[in-house]
There are 2 protein chains.
Amino acid sequence: MKSIRTIDVADLEDIAIGGAILGTGGGGDPYIGKLMAQQAIRRHGKVRLVDVDDFDDDALVAPVCMMGAPTVMTEKLPQGEEIVIALRKLEKFLGRKVDAVLCGEAGGLNSTTPFVAAAAADLPLVDGDGMGRAFPELQMTTFGMHGVSATPMVLSDDKGNSVVLETISNRWTERLARSCTVDMGGSALLAFYPMSGAVAKKAVVRGTLSLCADLGRKLREARARHDDPVEAIRAALGAEIIFNGRVQDVLRRTIGGFARGEAQIEGLDGDRGHKMRIAFQNEFLIAERDGQTLVTTPDMITLLEAETGAPVTADAVRYGIRVVALAYPCADQWRTPEGLDLVGPRYFGYDLDFRPFVANAMR
Amino acid sequence: MKSIRTIDVADLEDIAIGGAILGTGGGGDPYIGKLMAQQAIRRHGKVRLVDVDDFDDDALVAPVCMMGAPTVMTEKLPQGEEIVIALRKLEKFLGRKVDAVLCGEAGGLNSTTPFVAAAAADLPLVDGDGMGRAFPELQMTTFGMHGVSATPMVLSDDKGNSVVLETISNRWTERLARSCTVDMGGSALLAFYPMSGAVAKKAVVRGTLSLCADLGRKLREARARHDDPVEAIRAALGAEIIFNGRVQDVLRRTIGGFARGEAQIEGLDGDRGHKMRIAFQNEFLIAERDGQTLVTTPDMITLLEAETGAPVTADAVRYGIRVVALAYPCADQWRTPEGLDLVGPRYFGYDLDFRPFVANAMR
């Protein structure tokens, strides 16, 4: 099997930042994810990033990720190696070896956790994921849209506890896994959605990890050249800048393992005199400009620090920071009726229809 | 293997009532348990009750039970057959067949649920259990006292969801299993504490199911002869009547899957002018007479309806009913330092030392 590329310690800097950009406010802290993956690569060796099309149809592919509220994760640094325990226990339960690891979601943390599993288990890592972004619940994957059951699924914690779930639906998996994660201290490592190579070829959002690396690299290079880092990311994503401003107010609560809330942003420069409200549930889900809905989930809302271009997670949004909001279309699979049932605004309790965001439609 | 006796549909009437007596207020509703077990025996055939000494040391014995708050169970009649799913999934996980089923706790419900598993899986049932009574948490077993891990453990629900737990301690098992049980609608069927025949011979409280059948039969016969049913049970248990009275007040809350509270009883007959307070957490744990502690967990407190001798569960205690309180010693294993660590008054948050109750010491 030919590798798209080999990922070394230095590449993880770019991937974690790129993951945080695609994480649209969620998907965990990029710093922690990067440290975990770098440590695993130093210990076990580089990771081969491969194309899903290079696998036999009967290969066994297993996504891995961390579950939990990002607010908790930053207080409790995971060791990382529990993810290999989860993977090995899934193999034991299925009675066969996994042929490749897959990324569950793009996010600062979960774009990097699969590298821990791939390095430690010496397995190739598929260049793709199950969301093309981050989402707060584990049934919200393109894998599930293609009929893949999230179970058998293994959750492992840093203390040595493990849980295997077998459920009648991915919503039930989310419910049980969420409770176990809360019990386990707020975060757990998962191996789940085991699928064949044939199914993976249909279900995976392609190229996500390459895109993460590309976004991180472009941000780094723009800074090195003293170019505008926000513009570098905007151009790489084909995104539109929907707001420039300063964070005025943030409401935030942790409920049932989720960080929920909303941020109010006061306009600056061309947006002076205007306001933006961004609602989040781990991820940024809705952007309103002066009370008018501008972008809704599953389309993508990314906040960047205006000066540095660094992605701002929902967890890190705070009073006074200067931000630029970008919006851009989600993966095409989410814009189907099946996709919108799983991740559209109504699923999250907003009385809104999805209207596809078209970047730069006004220009 | 020779059977102690064969259990048929009619025997379940006695066993369920006897289980509710030993359940000391907990262990579930005897009516539901009886119906489930009778239905299973009608469908699959009689159950062989066997002595644990008749098993090879390397036999595999697995306890089964229902977990959940009795208040929930009476609203949601379990199908019963999920317990076989739990047992089969445990076998699959262990990679070997179970040779016998074992009772987890004596109680109205859980003295009968093992009959469902034994009948449906065509397995012998050991005459014994892991408590000699009922207790509210799953680490509170003589199995655990003898070093048996509660995991691998399977929880199954009536919808088709299953969970396999592997934990670092039985306290962790309780924590994770409790959350899963709440998610599953308040009750779940369990197969857990898998152990060898050699360990079972040490860890099992002997003869519990025979004792249940005996207590139920004696109550039934006393009623048929118009003898005093309370006296029949008192004599069979070697218990002491510690109070005669009428329930005056009951405080009850369901917290985290437990029915907690206390009952105040106003004395009648020889106890007129006195009061008894009984604290419970699913089971009756502490009996105080006029503010003086008389009996503490793990010693046994059973409430009977004064007229009929029918056991009264903590869940069914209500204003105005006429009751007799019995007290009698628990299984010897619980009266050790290890036993009291697991189920003594301090574990339940009472600032009391255990003082062994001696029945009829005053006579």
# chains A, B, ... in the order shown; residues from 1 in each chain; ligands from 1
$ interface_residues --of "chain B" --to "chain A" --cutoff "12 Å" --atoms "only C-alpha atoms" --output "short mmCIF file (atom, residue, chain, number, x, y, z; two decimals) with N, CA and C atoms, in the first residue's frame"
data_model
loop_
_atom_site.label_atom_id
_atom_site.label_comp_id
_atom_site.auth_asym_id
_atom_site.auth_seq_id
_atom_site.Cartn_x
_atom_site.Cartn_y
_atom_site.Cartn_z
N ILE B 85 -29.82 -13.18 27.26
CA ILE B 85 -28.93 -12.45 26.35
C ILE B 85 -27.67 -12.02 27.10
N ALA B 86 -27.85 -11.49 28.32
CA ALA B 86 -26.70 -11.08 29.12
C ALA B 86 -25.78 -12.28 29.37
N LYS B 89 -23.96 -13.32 26.16
CA LYS B 89 -22.92 -12.34 25.78
C LYS B 89 -21.71 -12.47 26.71
N LEU B 90 -21.97 -12.82 27.96
CA LEU B 90 -20.86 -13.06 28.88
C LEU B 90 -20.07 -14.29 28.43
N LYS B 92 -19.84 -15.42 25.39
CA LYS B 92 -19.11 -15.05 24.18
C LYS B 92 -17.85 -14.27 24.54
N PHE B 93 -17.99 -13.36 25.48
CA PHE B 93 -16.84 -12.54 25.89
C PHE B 93 -15.76 -13.41 26.53
N LEU B 94 -16.18 -14.38 27.35
CA LEU B 94 -15.21 -15.24 28.05
C LEU B 94 -14.69 -16.35 27.14
N GLY B 95 -15.40 -16.60 26.05
CA GLY B 95 -14.98 -17.66 25.15
C GLY B 95 -15.24 -19.06 25.69
N THR B 151 -16.49 -7.95 37.08
CA THR B 151 -16.36 -7.94 35.62
C THR B 151 -15.42 -9.05 35.16
N PRO B 152 -15.50 -9.46 33.88
CA PRO B 152 -16.40 -8.94 32.86
C PRO B 152 -17.86 -9.14 33.24
N MET B 153 -18.63 -8.11 33.01
CA MET B 153 -20.04 -8.10 33.35
C MET B 153 -20.81 -7.59 32.15
N VAL B 154 -21.96 -8.19 31.90
CA VAL B 154 -22.82 -7.74 30.80
C VAL B 154 -24.12 -7.19 31.38
N LEU B 155 -24.52 -6.03 30.91
CA LEU B 155 -25.85 -5.47 31.17
C LEU B 155 -26.64 -5.51 29.86
N SER B 156 -27.89 -6.00 29.92
CA SER B 156 -28.74 -5.96 28.74
C SER B 156 -30.07 -5.33 29.10
N ASP B 157 -30.66 -4.62 28.15
CA ASP B 157 -31.97 -4.04 28.42
C ASP B 157 -33.04 -4.67 27.54
N ASP B 158 -34.29 -4.25 27.75
CA ASP B 158 -35.42 -4.85 27.03
C ASP B 158 -35.53 -4.34 25.60
N LYS B 159 -34.69 -3.36 25.24
CA LYS B 159 -34.77 -2.80 23.90
C LYS B 159 -33.79 -3.47 22.94
N GLY B 160 -32.75 -4.10 23.52
CA GLY B 160 -31.76 -4.76 22.69
C GLY B 160 -30.36 -4.19 22.84
N ASN B 161 -30.20 -3.26 23.76
CA ASN B 161 -28.86 -2.70 24.02
C ASN B 161 -28.11 -3.56 25.03
N SER B 162 -26.81 -3.68 24.84
CA SER B 162 -25.97 -4.39 25.80
C SER B 162 -24.68 -3.64 26.05
N VAL B 163 -24.15 -3.83 27.25
CA VAL B 163 -22.89 -3.20 27.65
C VAL B 163 -22.04 -4.27 28.31
N VAL B 164 -20.77 -4.33 27.95
CA VAL B 164 -19.81 -5.18 28.66
C VAL B 164 -18.88 -4.26 29.43
N LEU B 165 -18.74 -4.49 30.72
CA LEU B 165 -17.83 -3.69 31.53
C LEU B 165 -16.61 -4.53 31.92
N GLU B 166 -15.46 -3.89 31.89
CA GLU B 166 -14.23 -4.44 32.48
C GLU B 166 -13.63 -3.32 33.30
N THR B 167 -13.56 -3.49 34.59
CA THR B 167 -13.17 -2.38 35.45
C THR B 167 -12.01 -2.76 36.37
N ILE B 168 -11.47 -1.73 37.02
CA ILE B 168 -10.35 -1.93 37.93
C ILE B 168 -10.82 -2.27 39.35
N SER B 169 -12.11 -2.12 39.64
CA SER B 169 -12.62 -2.45 40.96
C SER B 169 -14.13 -2.63 40.88
N ASN B 170 -14.69 -3.31 41.87
CA ASN B 170 -16.13 -3.53 41.87
C ASN B 170 -16.89 -2.24 42.19
N ARG B 171 -16.23 -1.29 42.85
CA ARG B 171 -16.85 0.01 43.06
C ARG B 171 -17.01 0.75 41.73
N TRP B 172 -15.99 0.66 40.88
CA TRP B 172 -16.09 1.25 39.54
C TRP B 172 -17.19 0.56 38.73
N THR B 173 -17.30 -0.74 38.89
CA THR B 173 -18.35 -1.46 38.18
C THR B 173 -19.71 -0.93 38.57
N GLU B 174 -19.92 -0.80 39.89
CA GLU B 174 -21.18 -0.25 40.40
C GLU B 174 -21.46 1.12 39.76
N ARG B 175 -20.47 1.97 39.73
CA ARG B 175 -20.66 3.34 39.23
C ARG B 175 -21.07 3.35 37.76
N LEU B 176 -20.33 2.62 36.95
CA LEU B 176 -20.63 2.60 35.52
C LEU B 176 -21.94 1.87 35.24
N ALA B 177 -22.16 0.76 35.93
CA ALA B 177 -23.38 -0.02 35.70
C ALA B 177 -24.61 0.77 36.13
N ARG B 178 -24.48 1.55 37.19
CA ARG B 178 -25.63 2.34 37.68
C ARG B 178 -26.03 3.37 36.62
N SER B 179 -25.05 4.05 36.05
CA SER B 179 -25.36 5.05 35.02
C SER B 179 -26.01 4.40 33.80
N CYS B 180 -25.46 3.26 33.39
CA CYS B 180 -26.02 2.57 32.22
C CYS B 180 -27.45 2.13 32.52
N THR B 181 -27.70 1.64 33.75
CA THR B 181 -29.03 1.19 34.14
C THR B 181 -30.03 2.35 34.09
N VAL B 182 -29.61 3.50 34.58
CA VAL B 182 -30.49 4.69 34.53
C VAL B 182 -30.80 5.03 33.07
N ASP B 183 -29.76 5.04 32.22
CA ASP B 183 -29.98 5.32 30.79
C ASP B 183 -30.92 4.32 30.16
N MET B 184 -30.81 3.06 30.57
CA MET B 184 -31.60 2.00 29.95
C MET B 184 -33.06 2.03 30.39
N GLY B 185 -33.42 3.02 31.18
CA GLY B 185 -34.82 3.17 31.58
C GLY B 185 -35.05 2.83 33.04
#
$ select_by_dssp --residues "region 88-126 of chain A" --states "strand (DSSP E or B)" --output "ChimeraX atom specification"
/A:100-103,125-126
$ closest_residue --among "A:Glu262, A:Val324, A:Thr208, A:Gly267" --to "Arg234 (chain A)" --atoms "only C-alpha atoms"
A:Val324
$ residues_around --residues "Gly197 (chain B)" --least-positions-apart "5" --cutoff "10 Å" --atoms "only C-alpha atoms" --output "list in words"
Val52, Asp53, Asp54, Phe55, Asp56, Asp57, Asp58, Ala59, Leu60, Val61, Ala62, Asp99, Ala100, Lys202 and Ala203 of chain B
$ write_last_selection --atoms "C-alpha atoms" --output "PDB file, in the first residue's frame"
ATOM      1  CA  VAL B  52     -22.237 -25.840  44.803  1.00  0.00           C
ATOM      2  CA  ASP B  53     -20.065 -28.684  46.153  1.00  0.00           C
ATOM      3  CA  ASP B  54     -21.218 -30.872  43.275  1.00  0.00           C
ATOM      4  CA  PHE B  55     -19.323 -28.753  40.735  1.00  0.00           C
ATOM      5  CA  ASP B  56     -15.788 -29.364  39.519  1.00  0.00           C
ATOM      6  CA  ASP B  57     -13.313 -26.777  40.732  1.00  0.00           C
ATOM      7  CA  ASP B  58     -12.779 -25.591  37.157  1.00  0.00           C
ATOM      8  CA  ALA B  59     -16.479 -25.276  36.357  1.00  0.00           C
ATOM      9  CA  LEU B  60     -17.644 -21.789  35.311  1.00  0.00           C
ATOM     10  CA  VAL B  61     -20.413 -20.333  37.463  1.00  0.00           C
ATOM     11  CA  ALA B  62     -22.109 -17.008  36.661  1.00  0.00           C
ATOM     12  CA  ASP B  99     -21.869 -24.519  33.682  1.00  0.00           C
ATOM     13  CA  ALA B 100     -24.303 -23.143  36.241  1.00  0.00           C
ATOM     14  CA  LYS B 202     -15.873 -20.539  49.269  1.00  0.00           C
ATOM     15  CA  ALA B 203     -17.783 -17.429  48.256  1.00  0.00           C
TER      16      ALA B 203
END
$ atom_distance --atom1 "CA of Phe135 (chain A)" --atom2 "CA of Thr297 (chain A)"
9.5 Å
